[in-house]
Amino acid sequence: MKVEDFDMFCSLLKQRSGLVLTRDKAYLLESRLMPVARRNNMADLDALALAVRTKRDEKLLEQITEAMTTNETSFMRDGRPFDLFKTVVLPKMLEARAAKRHIRIWSAASSTGQEAYSLAMLMEEEKHKLAGWRIEIVGTDLSAEVVERARLGVYTQFEVQRGLPVQMLVKYFTQQGDKWAISPDLKRNINFRVFNLLGDLSVLGQFDIVFCRNVLIYFDQPTKAQVLAGIARQMPKDGYLFLGGAETVLGITEKFRPVESQRGLYYPA
């Protein structure tokens, strides 16, 4: 790929999604954008770059952005955050929200929905404590394609085998041929929508708990600070923010502070 084309694609992605790519990621750009070029009957990335420069076709720009920002996920990914949610965060929320009996949870950059559905399953497992409560889970992603897949809630055998305990598979899924469909009852309180983290977060409303894991690692420092500040504005002081294991707020923002002895978990400051 020509250096000027790489720089142009990087600039486009930074502007539209906040994604920052260094030159050592040229292989990633090429591998993800070649299918976009072929889908649009273009021979190579030179033709794709030319089309971006000359046509400014919004649909094409969306395809490029989605191709580069769609990230892999899995049920109960990394394990520990879901253990913390069940044993630390949820009990505190049940105590703090006892008067209004309403909890809102945001799965930011929710991809194909496994994180949101994992949270829904954990809440269902605790339903004996949640009688009379209203639970809302909102999953958002920049990619319309993965949001539609999340809404559908149908997964391959490979996808359900990754991280999902077999007892939960049997309890919350129905087999459809060689795929597995989420229970309609589990989908009832989950709303998936297309949303850009660089946008106005106020349109989403307030959240008691936010999962924004493995997202900030793709942003530069100013963009990380911008996103975290936006999230903080949408949370009460006794809310909880989950970040990925390789992510931190330290040195980036003073809008959050770490929860002592609980890696990856933060309070609004």
# chains A, B, ... in the order shown; residues from 1 in each chain; ligands from 1
>>> residues_around(residues="Gln221 (chain A)", least_positions_apart="2", cutoff="12 Å", atoms="only C-alpha atoms", output="list in words")
Gly18, Leu19, Val20, Leu216, Ile217, Tyr218, Phe219, Thr223, Lys224, Ala225, Gln226, Val227, Leu228, Glu247, Thr248, Val249, Leu250, Gly251, Ile252 and Thr253 of chain A
>>> residues_around(residues="region 152-159 of chain A", least_positions_apart="3", cutoff="8 Å", atoms="only C-alpha atoms", output="JSON, numbers by chain")
{"A": [74, 75, 113, 148, 149, 162, 178, 179, 180, 181, 182]}
>>> atom_distance(atom1="CA of Glu72 (chain A)", atom2="CA of Arg23 (chain A)")
21.6 Å
>>> residues_around(residues="Tyr240 (chain A)", least_positions_apart="3", cutoff="6 Å", atoms="only C-alpha atoms", output="PyMOL selection string")
chain A and resi 209+266-267
>>> write_last_selection(atoms="N, CA and C atoms", output="short mmCIF file (atom, residue, chain, number, x, y, z; two decimals), in the first residue's frame")
data_model
loop_
_atom_site.label_atom_id
_atom_site.label_comp_id
_atom_site.auth_asym_id
_atom_site.auth_seq_id
_atom_site.Cartn_x
_atom_site.Cartn_y
_atom_site.Cartn_z
N ILE A 209 -24.23 1.44 35.53
CA ILE A 209 -23.06 0.59 35.30
C ILE A 209 -22.69 0.68 33.82
N TYR A 266 -13.90 1.00 38.22
CA TYR A 266 -13.70 2.41 38.57
C TYR A 266 -15.00 3.06 39.01
N TYR A 267 -14.83 4.08 39.92
CA TYR A 267 -15.94 4.94 40.33
C TYR A 267 -15.83 6.27 39.58
#
>>> atom_distance(atom1="CA of Lys55 (chain A)", atom2="CA of Ala67 (chain A)")
18.9 Å
>>> select_by_dssp(residues="region 29-249 of chain A", states="strand (DSSP E)", output="ChimeraX atom specification")
/A:102-107,134-141,154-156,173-176,179-182,190-194,209-211,240-242
>>> select_by_dssp(residues="region 21-259 of chain A", states="alpha helix (DSSP H)", output="ChimeraX atom specification")
/A:26-39,45-55,58-69,80-84,90-96,114-125,144-152,157-161,166-172,184-187,221-233
>>> residues_around(residues="Asn41 (chain A)", least_positions_apart="6", cutoff="12 Å", atoms="only C-alpha atoms", output="PyMOL selection string")
chain A and resi 34-35+47-48+51+60
>>> closest_residue(among="A:Arg233, A:Lys171, A:Lys2, A:Lys14", to="Leu122 (chain A)", atoms="only C-alpha atoms")
A:Lys171
>>> atom_distance(atom1="CA of Ser31 (chain A)", atom2="CA of Leu198 (chain A)")
25.3 Å
